[in-house]
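Data from input32.cif: mmCIF, C-alpha atoms and all ligand atoms
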data_run
loop_
_atom_site.label_atom_id
_atom_site.label_comp_id
_atom_site.auth_asym_id
_atom_site.auth_seq_id
_atom_site.Cartn_x
_atom_site.Cartn_y
_atom_site.Cartn_z
CA MET A 127 -42.12 -50.36 72.07
CA ALA A 128 -41.71 -46.81 70.80
CA GLU A 129 -42.46 -46.53 67.09
CA ARG A 130 -39.60 -45.74 64.77
CA PHE A 131 -39.61 -44.24 61.29
CA GLU A 132 -37.66 -46.39 58.85
CA LYS A 133 -37.46 -44.50 55.56
CA PRO A 134 -34.44 -42.42 54.52
CA PHE A 135 -34.92 -38.64 54.21
CA THR A 136 -32.59 -38.41 51.24
CA GLN A 137 -34.24 -40.90 48.85
CA GLN A 138 -35.64 -39.34 45.69
CA GLU A 139 -37.99 -41.01 43.25
CA PRO A 140 -36.39 -42.97 40.38
CA ILE A 141 -35.72 -41.44 36.98
CA SER A 142 -38.46 -42.63 34.59
CA GLU A 143 -37.83 -45.39 32.06
CA THR A 144 -38.70 -42.92 29.26
CA ALA A 145 -35.96 -40.55 30.43
CA ILE A 146 -33.52 -43.44 30.79
CA ALA A 147 -34.30 -44.54 27.20
CA ARG A 148 -33.81 -40.98 25.93
CA ALA A 149 -30.54 -40.67 27.87
CA ALA A 150 -29.38 -43.99 26.37
CA ASP A 151 -30.13 -42.68 22.84
CA ILE A 152 -28.06 -39.59 23.55
CA LEU A 153 -25.22 -41.72 24.89
CA ARG A 154 -25.33 -43.91 21.76
CA SER A 155 -25.18 -40.81 19.55
CA GLY A 156 -22.08 -39.61 21.37
CA ARG A 157 -23.43 -36.05 21.08
CA LEU A 158 -23.45 -34.98 24.70
CA HIS A 159 -22.25 -31.41 24.32
CA ARG A 160 -25.02 -28.90 23.68
CA TYR A 161 -23.31 -27.50 20.58
CA ASN A 162 -22.55 -30.93 19.09
CA VAL A 163 -25.62 -31.20 16.85
CA VAL A 164 -26.34 -32.46 13.36
CA PRO A 165 -27.70 -29.84 10.93
CA GLY A 166 -31.34 -29.01 11.45
CA GLU A 167 -31.57 -30.77 14.81
CA PRO A 168 -32.03 -28.67 17.94
CA SER A 169 -30.01 -29.91 20.90
CA GLU A 170 -31.76 -31.44 23.88
CA VAL A 171 -30.53 -28.47 25.94
CA ALA A 172 -32.02 -25.94 23.50
CA GLN A 173 -35.33 -27.79 23.70
CA LEU A 174 -35.23 -27.73 27.48
CA GLU A 175 -34.71 -23.95 27.32
CA GLN A 176 -37.80 -23.61 25.13
CA ASP A 177 -39.83 -25.92 27.35
CA TYR A 178 -38.83 -24.16 30.55
CA ALA A 179 -39.33 -20.64 29.18
CA ALA A 180 -42.86 -21.71 28.18
CA TYR A 181 -43.56 -23.24 31.60
CA GLN A 182 -42.18 -20.24 33.46
CA GLY A 183 -43.83 -17.69 31.22
CA ALA A 184 -40.45 -16.00 30.65
CA LYS A 185 -39.14 -14.83 27.29
CA TYR A 186 -35.66 -16.26 27.69
CA CYS A 187 -34.05 -19.22 29.41
CA VAL A 188 -30.43 -20.36 29.68
CA ALA A 189 -29.53 -23.84 30.93
CA VAL A 190 -26.34 -24.07 32.98
CA THR A 191 -24.42 -26.44 35.24
CA SER A 192 -25.87 -25.47 38.62
CA GLY A 193 -28.15 -23.10 40.47
CA GLY A 194 -25.05 -21.41 41.87
CA GLN A 195 -23.81 -20.75 38.32
CA ALA A 196 -27.24 -19.47 37.30
CA MET A 197 -27.00 -16.94 40.17
CA GLN A 198 -23.45 -15.90 39.26
CA ILE A 199 -24.27 -15.51 35.59
CA ALA A 200 -27.46 -13.59 36.37
CA MET A 201 -25.49 -11.17 38.53
CA ARG A 202 -22.73 -10.67 35.93
CA ALA A 203 -25.30 -10.22 33.16
CA ALA A 204 -27.29 -7.75 35.27
CA GLY A 205 -24.15 -5.64 35.63
CA VAL A 206 -22.71 -6.60 39.04
CA ARG A 207 -19.02 -5.68 39.05
CA PRO A 208 -16.24 -6.42 41.55
CA GLY A 209 -16.67 -4.31 44.65
CA ASP A 210 -20.43 -3.83 44.19
CA GLU A 211 -22.75 -4.51 47.09
CA VAL A 212 -25.59 -7.00 46.76
CA LEU A 213 -28.48 -7.00 49.22
CA THR A 214 -29.42 -10.49 50.33
CA ASN A 215 -31.41 -12.09 53.15
CA ALA A 216 -29.24 -13.60 55.86
CA TYR A 217 -31.24 -16.85 56.03
CA THR A 218 -30.12 -18.88 53.06
CA LEU A 219 -27.69 -21.61 52.13
CA ALA A 220 -23.98 -21.37 51.40
CA PRO A 221 -24.26 -21.21 47.56
CA VAL A 222 -25.87 -17.77 47.77
CA PRO A 223 -23.12 -15.81 49.58
CA GLY A 224 -20.70 -18.02 47.62
CA ALA A 225 -22.13 -16.82 44.30
CA ILE A 226 -21.98 -13.16 45.39
CA HIS A 227 -18.39 -13.65 46.53
CA ALA A 228 -17.49 -15.43 43.27
CA VAL A 229 -18.41 -12.41 41.16
CA GLY A 230 -16.26 -10.20 43.39
CA ALA A 231 -19.20 -8.49 45.04
CA ARG A 232 -20.02 -8.09 48.72
CA PRO A 233 -23.23 -9.36 50.28
CA LEU A 234 -25.13 -6.87 52.42
CA LEU A 235 -27.00 -9.16 54.76
CA VAL A 236 -30.57 -8.32 55.68
CA GLU A 237 -32.48 -9.53 58.76
CA ILE A 238 -35.36 -12.01 58.52
CA ASP A 239 -38.60 -12.24 60.51
CA GLN A 240 -40.32 -15.08 62.39
CA ALA A 241 -41.88 -16.41 59.20
CA TRP A 242 -38.40 -16.61 57.54
CA HIS A 243 -39.13 -13.70 55.20
CA ILE A 244 -36.77 -10.82 54.54
CA ASP A 245 -37.44 -7.95 56.99
CA MET A 246 -38.70 -5.03 54.90
CA ASP A 247 -37.69 -2.35 57.44
CA HIS A 248 -34.13 -3.61 57.69
CA LEU A 249 -34.05 -3.98 53.90
CA ALA A 250 -35.01 -0.33 53.48
CA ALA A 251 -32.41 0.74 56.04
CA GLN A 252 -29.66 -1.31 54.37
CA ALA A 253 -30.64 -0.16 50.89
CA ASP A 254 -30.73 3.51 51.89
CA ALA A 255 -27.48 3.38 53.85
CA SER A 256 -25.57 1.64 51.05
CA GLY A 257 -27.20 2.82 47.83
CA ALA A 258 -26.83 -0.79 46.62
CA ARG A 259 -28.19 -1.34 43.10
CA PHE A 260 -28.62 -5.10 43.28
CA MET A 261 -30.55 -7.59 45.34
CA MET A 262 -30.25 -11.38 45.38
CA LEU A 263 -33.44 -12.46 47.13
CA SER A 264 -33.10 -16.05 48.27
CA LEU A 265 -36.53 -17.64 48.60
CA MET A 266 -35.09 -19.93 51.17
CA ARG A 267 -37.05 -23.11 51.88
CA GLY A 268 -39.76 -21.78 49.60
CA HIS A 269 -41.05 -19.02 51.90
CA LEU A 270 -42.34 -16.23 49.69
CA PRO A 271 -42.45 -12.75 51.20
CA ASP A 272 -44.94 -10.20 49.81
CA MET A 273 -43.47 -10.28 46.31
CA GLY A 274 -45.58 -7.37 45.12
CA ALA A 275 -44.07 -5.20 47.86
CA ILE A 276 -40.54 -6.41 47.09
CA ALA A 277 -40.92 -5.73 43.37
CA ALA A 278 -42.32 -2.24 44.05
CA PHE A 279 -39.51 -1.54 46.54
CA CYS A 280 -36.84 -2.50 43.99
CA GLU A 281 -38.48 -0.56 41.21
CA ALA A 282 -38.75 2.61 43.29
CA ARG A 283 -35.06 2.47 44.21
CA GLU A 284 -33.83 1.16 40.85
CA ILE A 285 -32.46 -1.98 42.44
CA ALA A 286 -32.03 -4.90 40.03
CA LEU A 287 -33.80 -7.83 41.69
CA ILE A 288 -32.58 -11.37 41.07
CA GLU A 289 -34.62 -14.17 42.61
CA ASP A 290 -32.97 -17.33 43.91
CA CYS A 291 -35.75 -19.81 43.16
CA ALA A 292 -33.91 -22.99 44.16
CA HIS A 293 -36.85 -23.85 46.47
CA THR A 294 -39.70 -22.14 44.60
CA MET A 295 -39.68 -23.75 41.17
CA GLY A 296 -43.41 -24.30 40.53
CA ALA A 297 -44.56 -21.84 43.22
CA THR A 298 -46.63 -18.70 42.65
CA TRP A 299 -47.37 -15.47 44.55
CA ALA A 300 -50.83 -13.98 43.85
CA GLY A 301 -51.04 -16.16 40.76
CA LYS A 302 -47.68 -15.06 39.31
CA ARG A 303 -44.82 -17.53 39.08
CA SER A 304 -41.95 -17.16 41.50
CA GLY A 305 -39.04 -15.96 39.39
CA ASN A 306 -41.07 -13.46 37.36
CA PHE A 307 -40.88 -10.56 39.83
CA GLY A 308 -37.43 -9.16 39.04
CA ARG A 309 -34.84 -8.80 36.30
CA ALA A 310 -33.82 -12.46 36.35
CA ALA A 311 -34.24 -15.67 38.29
CA ALA A 312 -32.04 -18.67 39.06
CA PHE A 313 -33.32 -22.23 39.51
CA SER A 314 -31.48 -25.38 40.57
CA LEU A 315 -31.94 -28.90 39.16
CA GLN A 316 -29.75 -30.46 41.81
CA THR A 317 -31.03 -33.78 43.23
CA TYR A 318 -32.80 -32.29 46.26
CA LYS A 319 -34.71 -29.61 44.35
CA HIS A 320 -37.96 -29.90 42.38
CA ILE A 321 -36.50 -31.37 39.21
CA ASN A 322 -33.67 -33.86 39.65
CA THR A 323 -30.86 -34.03 37.12
CA GLY A 324 -28.11 -34.57 39.68
CA GLU A 325 -26.69 -31.11 39.03
CA GLY A 326 -27.97 -28.31 36.85
CA GLY A 327 -29.43 -24.83 36.77
CA LEU A 328 -31.71 -22.57 34.75
CA LEU A 329 -31.71 -18.80 34.39
CA THR A 330 -34.82 -17.00 33.18
CA THR A 331 -35.41 -13.37 32.23
CA ASP A 332 -37.55 -11.14 30.02
CA ASP A 333 -34.65 -8.74 29.45
CA ALA A 334 -33.13 -9.31 25.99
CA GLU A 335 -29.76 -7.77 26.72
CA LEU A 336 -29.40 -9.58 30.03
CA ALA A 337 -30.31 -12.85 28.25
CA ALA A 338 -27.70 -12.29 25.54
CA ARG A 339 -25.01 -11.54 28.11
CA ALA A 340 -26.03 -14.60 30.13
CA ILE A 341 -25.86 -16.88 27.09
CA VAL A 342 -22.38 -15.66 26.13
CA THR A 343 -21.26 -15.86 29.76
CA SER A 344 -22.61 -19.41 30.12
CA GLY A 345 -19.95 -20.38 27.56
CA SER A 346 -21.56 -20.17 24.12
CA TYR A 347 -18.32 -19.99 22.07
CA MET A 348 -20.33 -17.59 19.90
CA LEU A 349 -22.73 -20.39 18.98
CA TYR A 350 -25.57 -18.49 20.57
CA GLU A 351 -27.82 -18.84 17.52
CA THR A 352 -28.37 -22.50 18.48
CA HIS A 353 -29.93 -21.54 21.82
CA GLY A 354 -33.54 -22.45 22.46
CA ALA A 355 -35.05 -19.35 24.07
CA ARG A 356 -32.82 -16.45 23.05
CA PRO A 357 -33.14 -12.86 21.84
CA ASP A 358 -32.47 -11.80 18.22
CA GLU A 359 -28.94 -11.88 16.87
CA ALA A 360 -28.71 -8.09 16.80
CA VAL A 361 -28.83 -8.05 20.60
CA PHE A 362 -25.77 -10.32 20.72
CA GLU A 363 -23.84 -8.05 18.37
CA ALA A 364 -24.12 -5.31 20.97
CA VAL A 365 -22.88 -7.35 23.94
CA LYS A 366 -20.90 -10.37 22.78
CA LEU A 367 -17.44 -8.89 23.12
CA GLU A 368 -18.17 -7.54 26.58
CA ALA A 369 -19.34 -10.73 28.26
CA PRO A 370 -16.73 -13.23 29.52
CA ASN A 371 -17.08 -16.97 28.80
CA CYS A 372 -17.46 -18.62 32.20
CA SER A 373 -17.94 -22.17 30.85
CA ALA A 374 -21.02 -23.37 32.69
CA ARG A 375 -23.00 -25.08 29.95
CA MET A 376 -25.56 -27.77 30.57
CA ASP A 377 -25.13 -31.05 28.66
CA ASN A 378 -27.72 -32.98 26.66
CA LEU A 379 -27.94 -35.88 29.09
CA ARG A 380 -29.10 -33.72 31.97
CA ALA A 381 -31.43 -31.77 29.71
CA ALA A 382 -33.14 -35.03 28.73
CA LEU A 383 -33.78 -35.84 32.40
CA ALA A 384 -35.20 -32.37 33.06
CA ARG A 385 -37.42 -32.39 29.95
CA ASP A 386 -38.96 -35.64 31.07
CA GLN A 387 -39.81 -34.30 34.54
CA LEU A 388 -41.05 -30.83 33.63
CA PRO A 389 -44.50 -31.90 32.33
CA ARG A 390 -45.16 -33.54 35.71
CA LEU A 391 -43.88 -30.67 37.86
CA ASP A 392 -47.26 -29.16 38.76
CA GLU A 393 -48.55 -32.60 39.70
CA GLN A 394 -45.46 -33.15 41.86
CA VAL A 395 -46.09 -29.82 43.58
CA GLU A 396 -49.55 -31.04 44.60
CA ARG A 397 -48.07 -34.30 45.87
CA TRP A 398 -45.55 -32.35 47.97
CA ASN A 399 -48.29 -30.16 49.33
CA ALA A 400 -50.51 -33.10 50.30
CA ARG A 401 -47.63 -34.35 52.47
CA TYR A 402 -46.89 -30.84 53.75
CA ARG A 403 -50.51 -30.36 54.87
CA VAL A 404 -50.40 -33.50 57.03
CA LEU A 405 -47.14 -32.35 58.59
CA PHE A 406 -48.26 -28.73 59.02
CA GLU A 407 -51.54 -29.62 60.70
CA GLY A 408 -49.86 -32.28 62.82
CA PHE A 409 -46.91 -30.18 63.96
CA SER A 410 -49.20 -27.20 64.60
CA GLY A 411 -51.10 -29.36 67.11
CA ILE A 412 -47.99 -30.22 69.12
CA GLU A 413 -47.56 -28.15 72.26
CA GLY A 414 -44.19 -26.41 72.15
CA LEU A 415 -43.97 -26.13 68.35
CA GLU A 416 -44.98 -23.03 66.41
CA LEU A 417 -45.66 -22.80 62.70
CA PRO A 418 -46.41 -19.36 61.24
CA ARG A 419 -49.48 -19.39 58.95
CA ARG A 420 -48.61 -18.86 55.32
CA ARG A 421 -50.33 -16.06 53.45
CA GLN A 422 -53.17 -16.72 51.09
CA GLU A 423 -51.35 -15.30 48.06
CA GLU A 424 -48.60 -17.85 48.54
CA HIS A 425 -48.91 -21.05 46.55
CA PHE A 426 -45.74 -22.70 47.76
CA VAL A 427 -44.05 -26.05 47.20
CA GLY A 428 -43.97 -28.06 50.42
CA SER A 429 -40.75 -29.90 49.64
CA SER A 430 -39.55 -29.10 53.16
CA ILE A 431 -41.12 -27.86 56.38
CA GLN A 432 -39.83 -25.46 59.04
CA PHE A 433 -41.07 -24.90 62.56
CA HIS A 434 -40.06 -23.05 65.70
CA VAL A 435 -39.29 -25.07 68.81
CA LYS A 436 -40.61 -22.87 71.62
CA GLY A 437 -41.55 -25.37 74.31
CA ILE A 438 -37.99 -25.97 75.50
CA ALA A 439 -34.91 -23.78 75.86
CA SER A 440 -33.00 -23.44 72.60
CA GLU A 441 -29.89 -24.95 74.26
CA ARG A 442 -31.89 -28.18 74.50
CA ILE A 443 -32.84 -28.28 70.82
CA PRO A 444 -29.81 -30.44 69.90
CA GLU A 445 -31.09 -32.96 72.46
CA PHE A 446 -34.56 -32.81 70.85
CA VAL A 447 -33.03 -33.32 67.38
CA ALA A 448 -30.97 -36.27 68.66
CA ALA A 449 -34.02 -37.87 70.28
CA ALA A 450 -35.96 -37.53 67.02
CA ALA A 451 -33.01 -38.98 65.09
CA ALA A 452 -32.93 -41.97 67.45
CA ARG A 453 -36.51 -42.63 66.33
CA GLY A 454 -35.60 -42.27 62.63
CA VAL A 455 -36.78 -38.67 62.12
CA ASP A 456 -34.16 -36.46 60.55
CA LEU A 457 -34.50 -32.83 61.68
CA LYS A 458 -32.01 -30.03 61.14
CA TRP A 459 -31.48 -27.16 63.53
CA PHE A 460 -30.45 -23.81 62.08
CA GLY A 461 -29.27 -22.40 65.37
CA ALA A 462 -26.00 -24.32 65.66
CA ASP A 463 -22.78 -22.35 65.98
CA ARG A 464 -21.04 -24.62 63.52
CA PRO A 465 -22.48 -25.37 60.09
CA GLN A 466 -23.66 -28.96 59.63
CA ALA A 467 -24.84 -30.86 56.57
CA PHE A 468 -26.92 -28.51 54.45
CA THR A 469 -27.40 -25.95 57.21
CA SER A 470 -25.41 -22.85 57.85
CA ARG A 471 -25.88 -19.67 59.79
CA TYR A 472 -24.68 -16.46 58.19
CA ASP A 473 -21.91 -15.94 60.74
CA SER A 474 -20.15 -19.10 59.55
CA TRP A 475 -19.33 -17.51 56.17
CA LYS A 476 -16.00 -16.27 57.49
CA TYR A 477 -14.50 -15.65 54.03
CA LEU A 478 -16.82 -12.64 53.76
CA GLY A 479 -14.68 -10.83 56.28
CA ASP A 480 -16.44 -8.44 58.63
CA LEU A 481 -19.84 -9.92 59.36
CA PRO A 482 -22.59 -7.79 60.82
CA ASP A 483 -24.38 -8.75 63.99
CA LEU A 484 -27.96 -9.62 63.08
CA PRO A 485 -29.64 -10.28 66.44
CA GLN A 486 -33.11 -10.75 64.99
CA THR A 487 -31.98 -13.37 62.46
CA LYS A 488 -29.98 -15.19 65.15
CA ALA A 489 -33.02 -15.26 67.44
CA VAL A 490 -35.25 -16.60 64.67
CA LEU A 491 -32.73 -19.29 63.69
CA ALA A 492 -32.12 -20.26 67.34
CA THR A 493 -35.57 -21.88 67.40
CA THR A 494 -35.80 -22.97 63.75
CA CYS A 495 -35.94 -26.63 62.82
CA ASP A 496 -36.19 -27.90 59.30
CA MET A 497 -37.23 -31.19 57.74
CA ARG A 498 -37.05 -32.49 54.18
CA VAL A 499 -40.21 -33.88 52.64
CA PRO A 500 -39.18 -36.35 49.94
CA LEU A 501 -41.89 -37.65 47.60
CA THR A 502 -40.91 -41.18 48.53
CA PHE A 503 -42.82 -40.55 51.80
CA SER A 504 -46.56 -41.24 51.80
CA THR A 505 -49.08 -39.12 53.71
CA ASP A 506 -49.26 -42.02 56.20
CA ASP A 507 -45.51 -41.73 56.65
CA CYS A 508 -46.00 -38.04 57.40
CA ALA A 509 -48.66 -38.87 59.99
CA GLN A 510 -46.23 -41.29 61.63
CA ILE A 511 -43.52 -38.61 61.71
CA VAL A 512 -45.98 -36.28 63.47
CA ARG A 513 -46.70 -38.95 66.13
CA ILE A 514 -43.00 -39.49 66.74
CA VAL A 515 -42.17 -35.78 67.00
CA ASP A 516 -45.14 -35.33 69.33
CA ASP A 517 -43.87 -38.15 71.51
CA VAL A 518 -40.30 -36.81 71.58
CA MET A 519 -41.53 -33.32 72.47
CA ARG A 520 -43.75 -34.65 75.28
CA GLN A 521 -40.78 -36.38 76.84
CA MET A 522 -38.74 -33.21 76.78
CA ARG A 523 -41.28 -30.65 77.96
C1 LIG A 601 -29.46 -25.55 46.26
C2 LIG A 601 -29.53 -24.10 46.45
C3 LIG A 601 -28.95 -23.19 45.56
C4 LIG A 601 -28.01 -23.52 44.45
O1 LIG A 601 -28.10 -24.69 43.88
P1 LIG A 601 -26.89 -25.60 43.32
O2 LIG A 601 -27.53 -26.13 42.09
O3 LIG A 601 -26.59 -26.61 44.37
O4 LIG A 601 -25.74 -24.68 43.01
C5 LIG A 601 -29.19 -21.85 45.76
N1 LIG A 601 -29.92 -21.41 46.78
C6 LIG A 601 -30.47 -22.23 47.66
C7 LIG A 601 -31.29 -21.66 48.77
C8 LIG A 601 -30.28 -23.61 47.55
O5 LIG A 601 -30.81 -24.43 48.45
#

Show me the file's structure as structure tokens.
Amino acid sequence: MAERFEKPFTQQEPISETAIARAADILRSGRLHRYNVVPGEPSEVAQLEQDYAAYQGAKYCVAVTSGGQAMQIAMRAAGVRPGDEVLTNAYTLAPVPGAIHAVGARPLLVEIDQAWHIDMDHLAAQADASGARFMMLSLMRGHLPDMGAIAAFCEAREIALIEDCAHTMGATWAGKRSGNFGRAAAFSLQTYKHINTGEGGLLTTDDAELAARAIVTSGSYMLYETHGARPDEAVFEAVKLEAPNCSARMDNLRAALARDQLPRLDEQVERWNARYRVLFEGFSGIEGLELPRRRQEEHFVGSSIQFHVKGIASERIPEFVAAAAARGVDLKWFGADRPQAFTSRYDSWKYLGDLPDLPQTKAVLATTCDMRVPLTFSTDDCAQIVRIVDDVMRQMR
């Protein structure tokens, strides 16, 4: 009988008993709101901001309700105004164009290459044609482009770079943490990311004025002095009446869950990568699948894996995905005309109005499959997944 994989692809590891105990203490205190503190006691959220700023090596950190909010607040605080254009790579997930749209700006979509990186030539062409002053670089599925080149590009053209690090928390490029290459970065703490608080987001920056604007915009009710990783009060005096309150504060309960997981993040990254290596080597050996080599400077987080299906016509990829699903292996295809659970192609974001034709991105996505790598899988599980995908591919070739 054909072997079948039995574990769910959406099962995360449990929240630790220590975090549960801390959450229970917070519940008993009734002080869930970040500004509901007793004198002399920093809130759990403020402590998370300090902890994360230290981990990231950033001066300032603001904890918010989601990664999408962190992106919106970063853009507002960086000076994006309604009608502005924001450069962004066309391969990303719906919250990215959604965040750009939410601040009244317009995304200028940029092509990607075979390795799912932003295409530097098209980026230059789009930047020069538009004169755009902002870029939201989505490090989609954790693929880091040459970050040194991106940072230099933005600096030369005075483009404010914001990094969407939803899939790169814990990753580095040439030894520097993802998120430290531009003006600000946005991270997500949503269940499927690298720290799981259900929902949540973090914004980091070294720019004092941007940090002050972000804190006020996150909804500080002018209680900014209680924040954990903030600039001096004088900086707030200069900006506080010019930044809207967009009510997107994190609460103490979620902060407690994040604080418990952060000290183990680097260890978790290694666990993800051990699983990724088994999958990468295994999939690379399957005739008909192609996996671009990742560059040496890239220390990524293998919390998902992407590959190109080249051995069959792309029209038959849905059949391949269905055959894998019948054997318990959950693959996503990014080439579908209609968006499906957690996938979307740029041309499905109809609310953006006129969408450009990006033939290169469409061609790349037409062969792109994607698979989650939850830590509840063992390396043996990953080896079994490789055998099943190999088998399914053999039957289709
Ligand atoms: C999840 C995600 C986000 C935003 O995260 P939320 O916390 O769900 O708002 C942003 N970008 C990418 C690529 C994501 O996958």

- Message: What's around Lys133 in chain A at 9 Å? Count all atoms listed in the file, leave out sequence neighbours fewer than 6 positions away in its own chain, and write the answer as JSON, numbers by chain.
- Response: {"A": [454, 455, 502, 503, 507]}

Based on the selection just made, write C-alpha atoms of those residues as a compact mmCIF listing (two decimals), in the coordinates of the input.
# COMPACT_ATOMS: atom_id res chain seq x y z
CA GLY A 454 -35.60 -42.27 62.63
CA VAL A 455 -36.78 -38.67 62.12
CA THR A 502 -40.91 -41.18 48.53
CA PHE A 503 -42.82 -40.55 51.80
CA ASP A 507 -45.51 -41.73 56.65

- Surrounding residues of range 271-278 of chain A excluding itself and chain neighbours under 4 positions, 9 Å, only C-alpha atoms, as JSON, numbers by chain: {"A": [241, 242, 243, 244, 246, 265, 282, 283, 287, 299, 300, 304, 307, 308, 421, 423, 424]}

- Message: So the first atom is CA of Ala462 in chain A and the second is CA of Ala489 in chain A; what is the distance between them in Å, to one decimal place?
- Response: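 About the pair CA of Ala462 in chain A and CA of Ala489 in chain A: they are 11.6 Å apart.
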
- Point-to-point distance in Å for CA of Ser429 in chain A and CA of Val447 in chain A: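 About the pair CA of Val447 in chain A and CA of Ser429 in chain A: they are 19.6 Å apart.
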
Residues up to 6 Å from ligand LIG 601 (chain A), counting all atoms listed in the file: could you list those as a short mmCIF file (atom, residue, chain, number, x, y, z; two decimals) with C-alpha atoms, in the coordinates of the input?
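Contents of the output file out_28.cif:
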data_model
loop_
_atom_site.label_atom_id
_atom_site.label_comp_id
_atom_site.auth_asym_id
_atom_site.auth_seq_id
_atom_site.Cartn_x
_atom_site.Cartn_y
_atom_site.Cartn_z
CA SER A 192 -25.87 -25.47 38.62
CA GLY A 193 -28.15 -23.10 40.47
CA GLY A 194 -25.05 -21.41 41.87
CA THR A 218 -30.12 -18.88 53.06
CA LEU A 219 -27.69 -21.61 52.13
CA PRO A 221 -24.26 -21.21 47.56
CA VAL A 222 -25.87 -17.77 47.77
CA SER A 264 -33.10 -16.05 48.27
CA MET A 266 -35.09 -19.93 51.17
CA ASP A 290 -32.97 -17.33 43.91
CA ALA A 292 -33.91 -22.99 44.16
CA SER A 314 -31.48 -25.38 40.57
CA LEU A 315 -31.94 -28.90 39.16
CA GLN A 316 -29.75 -30.46 41.81
CA GLU A 325 -26.69 -31.11 39.03
CA GLY A 326 -27.97 -28.31 36.85
CA GLY A 327 -29.43 -24.83 36.77
#

- Straight-line distance linking CA of Ala400 in chain A with CA of Thr317 in chain A, stated in Å to one decimal: 20.7 Å

- Which one of A:Ala203, A:Ile288, A:Ile511, A:Leu249 sits closest to Asn371 in chain A if you count all atoms listed in the file? A:Ala203

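Nearest-residue note for Asp386 in chain A: choosing from A:Leu213, A:Ile152, A:Leu349, A:Ile321, the minimum distance belongs to A:Ile321, counting all atoms listed in the file.
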
- Item | Which of A:Ile443, A:Leu501, A:Val190, A:Leu491 sits closest to Glu237 in chain A [using all atoms listed in the file] |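 Residue with the minimum atom-to-atom distance to Glu237 in chain A: A:Leu491.
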
- For each of A:Ser346, A:Thr298, A:Gln198, A:Gln240, take the minimum atom-to-atom distance to Gly224 in chain A, counting all atoms listed in the file, then give the residue where this is smallest.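 Ranked by minimum distance to Gly224 in chain A, first place goes to A:Gln198.
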
- Message: With 9 Å as the threshold, what does the neighbourhood of (-17.9, -13.5, 26.2) contain in terms of residues, counting all atoms listed in the file? Coordinates are those of the file; answer as JSON, numbers by chain.
- Response: {"A": [339, 341, 342, 343, 344, 345, 346, 347, 348, 365, 366, 367, 368, 369, 370, 371, 372]}

- Query: So which residues touch range 207-209 of chain A within 12 Å, counting all atoms listed in the file, skipping near sequence neighbours fewer than 4 positions away, as a list in words?
  - Reply: Gln198, Ile199, Ala200, Met201, Arg202, Ala203, Ile226, His227, Ala228, Val229, Gly230, Ala231, Arg232, Pro233, Leu234, Ala258, Arg259, Phe260 and Ala369 of chain A
